[in-house]
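**Q** Here's a structure for you.
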Amino acid sequence: MRRGWALLGLLALAACSGVDDVSGQGQNECRDVEAGALPAQPEAKSGRESFLVRYRSGARVSAAAVQRLGGQVTAQYHFVPAVAARLTPEERAQLAAHPDVERIEPDVELRALGLPSAVGSVQEYTHAVRLVQAPRVWDANEDGMLDTGAPVGSGIRVCVIDSGLDRRHPELSIPYAGGYDFVDEDEDPSDETDGVRGFGHGTHVAGIIAAQLSSGGVTRTGMNQGGMVGVAPGVELLIARVLNVHETASISAVLEGLEWCWNNNAHIASLSLGTSMDLGKIAREAFQTAHDKGMLIVAASGNDSGLGYEAPISYPAAYPSVLAVGAVDMDGEVAFFSNRGSGLSLVAPGVDVLSSISLQGATVSALDVEGEPYTSRSLFFSPAGEYTGALVDCGQGEPHGCKGATCDGFVAYVRLPGSRASSAAKNVMKQGARAIIFGIDESENESWLKALDGPGLKWVPSLAVGRESRATVLKNLGRPVHVNLRGVDYAELPGTSMAAPHVSAVAALVWSARPSLTATEVRVLLERTAKDLGDTGRDPSYGYGLVQAKAALDALQQLP
């Protein structure tokens, strides 16, 4: 999934007072305002860069040999005779000349892309969960309870290689079976580093797979109090945190996570991350080895396509050893952002997918003027908070462009062209805005998300109104406007990141029904029973089609 969706928590801003006339900044800026403040940056690494060093087959992989040259070994692999190391140019040259070293490749960066017995509610069955037929497998009579003896993923371990997990979320405490943090190098795979919390990309993925019945957190408007349920609520979740709070990861960490999953008896590895760059021969070999050892590897195809442009499948999903998953909307139409190609295997829901997120990791908005409500949506990375103040026209969010700004506070109205939300927010906050309303071109009836930069940056409560409401809202200039953002534990997110875990979970359902199956047999069964969409047969946009849990289980019963 593209970087850009969500952290939250109430972040207090220092009070405005007076006018600052600082050379180079101009007038009408309030003192002590931290607008979009960045967290501290790490120190430089003395000219070292990260590489993967692959030894020749049969040669002894020696971390000590790298260290004798002064290199810093960060990982040693068993799937491939290789190590990850931080090297200076001189150290790299010396290693390259060593007769046992086959090749040295850059450490490529990727990005993000228990069983309860309580009675639940069919209202916890999201549209996406129904689209892949999961309730027809484990609640055939639609009574809100898991059917006795039905496949729910029991005995199957799904390893989520992602940004970690908020284990405090009530939906996910039961299925958690263990984890490791390859970002902070500890055994707590929380989506947090040095006090900065990620918004919960990995928690969202995990919820799609294994959220529990009748275990709701703080819900969004219109949700059942029990929250939502995952596709395979009986699986065991392993969590390998490789993405940092800014949703990027090195391939060296991903390969460490992949081996950790195997060493902890994972049947399935689910990766909602990727890059357009080929990760190199070492990574290709590692994924192939994991596949050959019997692990089913599922990965998102990528979100780089656009209107009129079809991007190829991202890596690692592009590797033949990996099951590549694209995204469709709730009508079964391919999502415009979904990457495509002849290697695409399956598609699954990836537009406005509701799932768990870090506690209070998202917000829902309410906007009214003297009691009259208006339709709005909160911006991701906007903090929860409530403010009432006069509505001030701030144009397109230019510096010093707010007409009637005061450091005593006001609500800024900003016409938002394109995706300039963060720079506009900084400008109006410096002029005293305590809340922001963005007027955007999209319709309130369309699927869209707007976001501020994050996580860990300081903003005021911010929301957006679509083209149906913006003109009416703007008529209230000078009147007191009430902005209220409430923190919640769920979010609707788009991306092939959301599609991949649906396939991982359906695979777990099938595998739990017959544990003697191999990973290849599970994959073939899912592909053979998928709902054909698009052109007849396999095609570059839909692969074999939409993954179907009930159809796969029915076909399994016909097999000896």
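Every chain in the structure tokens has a letter given in the order shown (A, B, ...), and although residue numbers restart at 1 in each chain, ligands are simply numbered from 1 in the order shown.
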Go through range 214-298 of chain A and collect every residue that DSSP, computed from the backbone, puts in helix (DSSP H, G or I); the answer should be as a list in words.
**A**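 Answer for range 214-298 of chain A restricted to helix (DSSP H, G or I) is Ile251, Ser252, Ala253, Val254, Leu255, Glu256, Gly257, Leu258, Glu259, Trp260, Cys261, Trp262, Asn263, Lys281, Ile282, Ala283, Arg284, Glu285, Ala286, Phe287, Gln288, Thr289, Ala290, His291 and Asp292 of chain A.
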**Q** Selection from above, N, CA and C atoms, as a CSV table (one decimal), in the first residue's frame, can you write it?
**A**
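What ended up in part-v3.csv:
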chain,number,residue,atom,x,y,z
A,251,ILE,N,15.4,-5.2,1.9
A,251,ILE,CA,15.2,-6.6,1.6
A,251,ILE,C,15.9,-7.5,2.5
A,252,SER,N,17.0,-7.0,3.1
A,252,SER,CA,17.7,-7.9,4.1
A,252,SER,C,16.8,-8.2,5.3
A,253,ALA,N,16.0,-7.2,5.7
A,253,ALA,CA,15.1,-7.5,6.8
A,253,ALA,C,14.0,-8.4,6.4
A,254,VAL,N,13.5,-8.3,5.2
A,254,VAL,CA,12.4,-9.1,4.7
A,254,VAL,C,12.9,-10.6,4.6
A,255,LEU,N,14.1,-10.8,4.1
A,255,LEU,CA,14.7,-12.1,4.1
A,255,LEU,C,14.9,-12.7,5.4
A,256,GLU,N,15.3,-11.9,6.4
A,256,GLU,CA,15.4,-12.4,7.8
A,256,GLU,C,14.0,-12.8,8.3
A,257,GLY,N,13.0,-12.0,8.0
A,257,GLY,CA,11.6,-12.3,8.4
A,257,GLY,C,11.1,-13.6,7.8
A,258,LEU,N,11.4,-13.8,6.5
A,258,LEU,CA,11.0,-15.0,5.8
A,258,LEU,C,11.6,-16.2,6.4
A,259,GLU,N,12.9,-16.2,6.8
A,259,GLU,CA,13.5,-17.4,7.4
A,259,GLU,C,12.9,-17.6,8.8
A,260,TRP,N,12.7,-16.5,9.5
A,260,TRP,CA,12.1,-16.6,10.9
A,260,TRP,C,10.7,-17.2,10.8
A,261,CYS,N,9.9,-16.9,9.8
A,261,CYS,CA,8.6,-17.5,9.6
A,261,CYS,C,8.7,-19.0,9.5
A,262,TRP,N,9.7,-19.4,8.6
A,262,TRP,CA,9.9,-20.8,8.4
A,262,TRP,C,10.3,-21.5,9.7
A,263,ASN,N,11.3,-20.9,10.4
A,263,ASN,CA,11.8,-21.5,11.6
A,263,ASN,C,10.7,-21.6,12.7
A,281,LYS,N,19.2,-11.5,-7.4
A,281,LYS,CA,19.3,-13.0,-7.5
A,281,LYS,C,19.2,-13.6,-6.1
A,282,ILE,N,19.8,-13.0,-5.1
A,282,ILE,CA,19.8,-13.5,-3.7
A,282,ILE,C,18.4,-13.6,-3.2
A,283,ALA,N,17.7,-12.6,-3.3
A,283,ALA,CA,16.3,-12.6,-2.9
A,283,ALA,C,15.4,-13.6,-3.6
A,284,ARG,N,15.6,-13.6,-5.0
A,284,ARG,CA,14.9,-14.6,-5.8
A,284,ARG,C,15.2,-16.0,-5.3
A,285,GLU,N,16.4,-16.3,-5.0
A,285,GLU,CA,16.8,-17.6,-4.6
A,285,GLU,C,16.2,-17.9,-3.2
A,286,ALA,N,16.2,-16.9,-2.3
A,286,ALA,CA,15.6,-17.1,-1.0
A,286,ALA,C,14.1,-17.4,-1.0
A,287,PHE,N,13.4,-16.7,-1.8
A,287,PHE,CA,12.0,-17.0,-1.9
A,287,PHE,C,11.7,-18.3,-2.6
A,288,GLN,N,12.5,-18.7,-3.6
A,288,GLN,CA,12.4,-20.0,-4.2
A,288,GLN,C,12.6,-21.1,-3.2
A,289,THR,N,13.7,-20.9,-2.3
A,289,THR,CA,14.0,-21.9,-1.3
A,289,THR,C,12.8,-22.1,-0.3
A,290,ALA,N,12.3,-21.0,0.1
A,290,ALA,CA,11.1,-21.0,1.0
A,290,ALA,C,10.0,-21.8,0.4
A,291,HIS,N,9.7,-21.5,-0.9
A,291,HIS,CA,8.7,-22.2,-1.6
A,291,HIS,C,9.0,-23.7,-1.7
A,292,ASP,N,10.2,-24.1,-2.0
A,292,ASP,CA,10.6,-25.5,-2.2
A,292,ASP,C,10.5,-26.2,-0.8
**Q** Can you work out the spacing between CA of Gly537 in chain A and CA of Val347 in chain A in Å, to one decimal?
**A**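 Going from CA of Gly537 in chain A over to CA of Val347 in chain A, I get 13.4 Å.
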**Q** Report as a short mmCIF file (atom, residue, chain, number, x, y, z; two decimals) with N, CA, C and O atoms, in the first residue's frame all protein, DNA and RNA residues lying within 7 Å of Ser50 in chain A, evaluated on only C-alpha atoms, omitting residues in the same chain fewer than 2 positions from it.
**A**
data_model
loop_
_atom_site.label_atom_id
_atom_site.label_comp_id
_atom_site.auth_asym_id
_atom_site.auth_seq_id
_atom_site.Cartn_x
_atom_site.Cartn_y
_atom_site.Cartn_z
N ARG A 48 28.96 4.06 5.17
CA ARG A 48 28.64 2.65 4.92
C ARG A 48 27.27 2.52 4.24
O ARG A 48 26.36 3.29 4.50
N ALA A 85 25.31 -7.08 5.20
CA ALA A 85 26.38 -6.35 5.88
C ALA A 85 26.40 -4.90 5.44
O ALA A 85 25.99 -4.56 4.32
N ARG A 86 26.87 -4.03 6.35
CA ARG A 86 27.10 -2.62 6.03
C ARG A 86 28.58 -2.47 5.71
O ARG A 86 29.45 -2.80 6.53
N LEU A 87 28.88 -1.95 4.50
CA LEU A 87 30.25 -1.92 4.00
C LEU A 87 30.62 -0.54 3.48
O LEU A 87 29.78 0.17 2.93
N PRO A 106 22.95 -4.76 -3.86
CA PRO A 106 22.45 -3.73 -2.94
C PRO A 106 21.29 -4.24 -2.11
O PRO A 106 20.53 -5.12 -2.54
N ASP A 107 21.16 -3.72 -0.92
CA ASP A 107 20.05 -4.06 -0.02
C ASP A 107 18.86 -3.19 -0.39
O ASP A 107 18.71 -2.07 0.09
#
**Q** Neighbouring residues of range 541-543 of chain A were defined as those with any atom within 8 Å, considering only C-alpha atoms; residues of the same chain fewer than 3 positions away were excluded. Please report them as a list of chain:residue names.
**A** A:Gly326, A:Val334, A:Asn339, A:Arg340, A:Gly341, A:Ser342, A:Gly343, A:Leu344, A:Ser345, A:Leu346, A:Val347, A:Asp532, A:Leu533, A:Gly534, A:Arg538, A:Leu546
**Q** Could you pull the residues within 8 Å of Ala508 in chain A, counting only C-alpha atoms, minus those fewer than 6 positions along the same chain, as JSON, numbers by chain?
**A** {"A": [152, 153, 156, 157, 158, 232, 235, 268]}
**Q** Take the selection from the previous step and output its residues with all heavy atoms, as a short mmCIF file (atom, residue, chain, number, x, y, z; two decimals), in the first residue's frame.
**A**
data_model
loop_
_atom_site.label_atom_id
_atom_site.label_comp_id
_atom_site.auth_asym_id
_atom_site.auth_seq_id
_atom_site.Cartn_x
_atom_site.Cartn_y
_atom_site.Cartn_z
N VAL A 152 -11.90 -23.24 10.04
CA VAL A 152 -11.72 -21.83 10.42
C VAL A 152 -10.24 -21.43 10.40
O VAL A 152 -9.89 -20.33 10.81
CB VAL A 152 -12.32 -21.55 11.82
CG1 VAL A 152 -13.83 -21.64 11.80
CG2 VAL A 152 -11.72 -22.49 12.86
N GLY A 153 -9.39 -22.35 9.94
CA GLY A 153 -7.96 -22.08 9.92
C GLY A 153 -7.20 -22.70 11.07
O GLY A 153 -5.99 -22.47 11.22
N ILE A 156 -3.25 -23.90 11.48
CA ILE A 156 -2.47 -23.29 10.41
C ILE A 156 -1.85 -22.00 10.92
O ILE A 156 -2.53 -21.16 11.53
CB ILE A 156 -3.34 -23.01 9.17
CG1 ILE A 156 -4.01 -24.29 8.69
CG2 ILE A 156 -2.51 -22.37 8.07
CD1 ILE A 156 -3.04 -25.40 8.31
N ARG A 157 -0.56 -21.83 10.66
CA ARG A 157 0.15 -20.63 11.07
C ARG A 157 0.37 -19.71 9.86
O ARG A 157 0.98 -20.13 8.88
CB ARG A 157 1.49 -20.98 11.72
CG ARG A 157 1.35 -21.56 13.11
CD ARG A 157 2.67 -21.59 13.85
NE ARG A 157 2.44 -21.64 15.29
CZ ARG A 157 3.36 -21.41 16.21
NH1 ARG A 157 4.61 -21.11 15.84
NH2 ARG A 157 3.07 -21.45 17.49
N VAL A 158 -0.15 -18.50 9.98
CA VAL A 158 0.04 -17.49 8.94
C VAL A 158 1.02 -16.45 9.48
O VAL A 158 0.77 -15.85 10.52
CB VAL A 158 -1.29 -16.83 8.54
CG1 VAL A 158 -1.04 -15.78 7.46
CG2 VAL A 158 -2.28 -17.86 8.03
N ALA A 232 -10.33 -15.97 8.39
CA ALA A 232 -9.96 -17.26 9.01
C ALA A 232 -9.72 -17.04 10.50
O ALA A 232 -8.57 -17.00 10.96
CB ALA A 232 -8.72 -17.84 8.34
N VAL A 235 -6.96 -19.16 12.79
CA VAL A 235 -5.53 -19.35 12.52
C VAL A 235 -4.68 -18.86 13.68
O VAL A 235 -5.14 -18.12 14.56
CB VAL A 235 -5.09 -18.60 11.24
CG1 VAL A 235 -5.87 -19.07 10.03
CG2 VAL A 235 -5.20 -17.10 11.41
N ILE A 268 2.06 -20.37 5.87
CA ILE A 268 1.81 -19.31 4.88
C ILE A 268 2.54 -18.05 5.31
O ILE A 268 2.51 -17.68 6.50
CB ILE A 268 0.30 -19.02 4.77
CG1 ILE A 268 -0.46 -20.30 4.37
CG2 ILE A 268 0.03 -17.90 3.77
CD1 ILE A 268 -1.96 -20.20 4.58
#
**Q** Taking 3 positions as the minimum chain separation for residues in the same chain, which residues sit within 7 Å of Ala249 in chain A when counting only C-alpha atoms? Answer as a PyMOL selection string.
**A** chain A and resi 109-111+242-244+253
**Q** Using Å and a single decimal, report how far CA of Phe336 in chain A sits from CA of Ser443 in chain A.
**A**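 Separation between CA of Ser443 in chain A and CA of Phe336 in chain A: 17.1 Å.
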**Q** DSSP on the backbone, then: every residue of range 227-465 of chain A marked strand (DSSP E or B), written as a VMD selection string.
**A** chain A and resid 236 to 241 248 to 250 268 to 271 274 to 275 296 to 300 306 309 312 315 323 to 328 334 340 344 to 349 353 to 356 362 to 369 372 to 374 377 to 378 380 385 to 393 410 to 415 433 to 439 451 462 to 465
**Q** If we count only C-alpha atoms and set the cut-off at 7 Å, which residues sit around Pro501 in chain A, ignoring sequence neighbours fewer than 5 positions away in its own chain? Please answer as a PyMOL selection string.
**A** chain A and resi 205+208-209+270
**Q** Ranking A:Ala82, A:Val364, A:Met228, A:Ile357 by minimum distance to His201 in chain A and counting only C-alpha atoms, which one comes first?
**A**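 Ranking A:Ala82, A:Val364, A:Met228, A:Ile357 by distance to His201 in chain A, first place goes to A:Ile357.
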**Q** For Pro349 in chain A, which residue out of A:Leu509, A:Val503, A:Val369, A:Leu271 is the nearest one, using only C-alpha atoms?
**A**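 For Pro349 in chain A, the nearest of the given residues is A:Val503.
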**Q** Just how far from CA of Glu446 in chain A is CA of Gly308 in chain A, in Å to one decimal?
**A**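 Going from CA of Gly308 in chain A over to CA of Glu446 in chain A, I get 18.7 Å.
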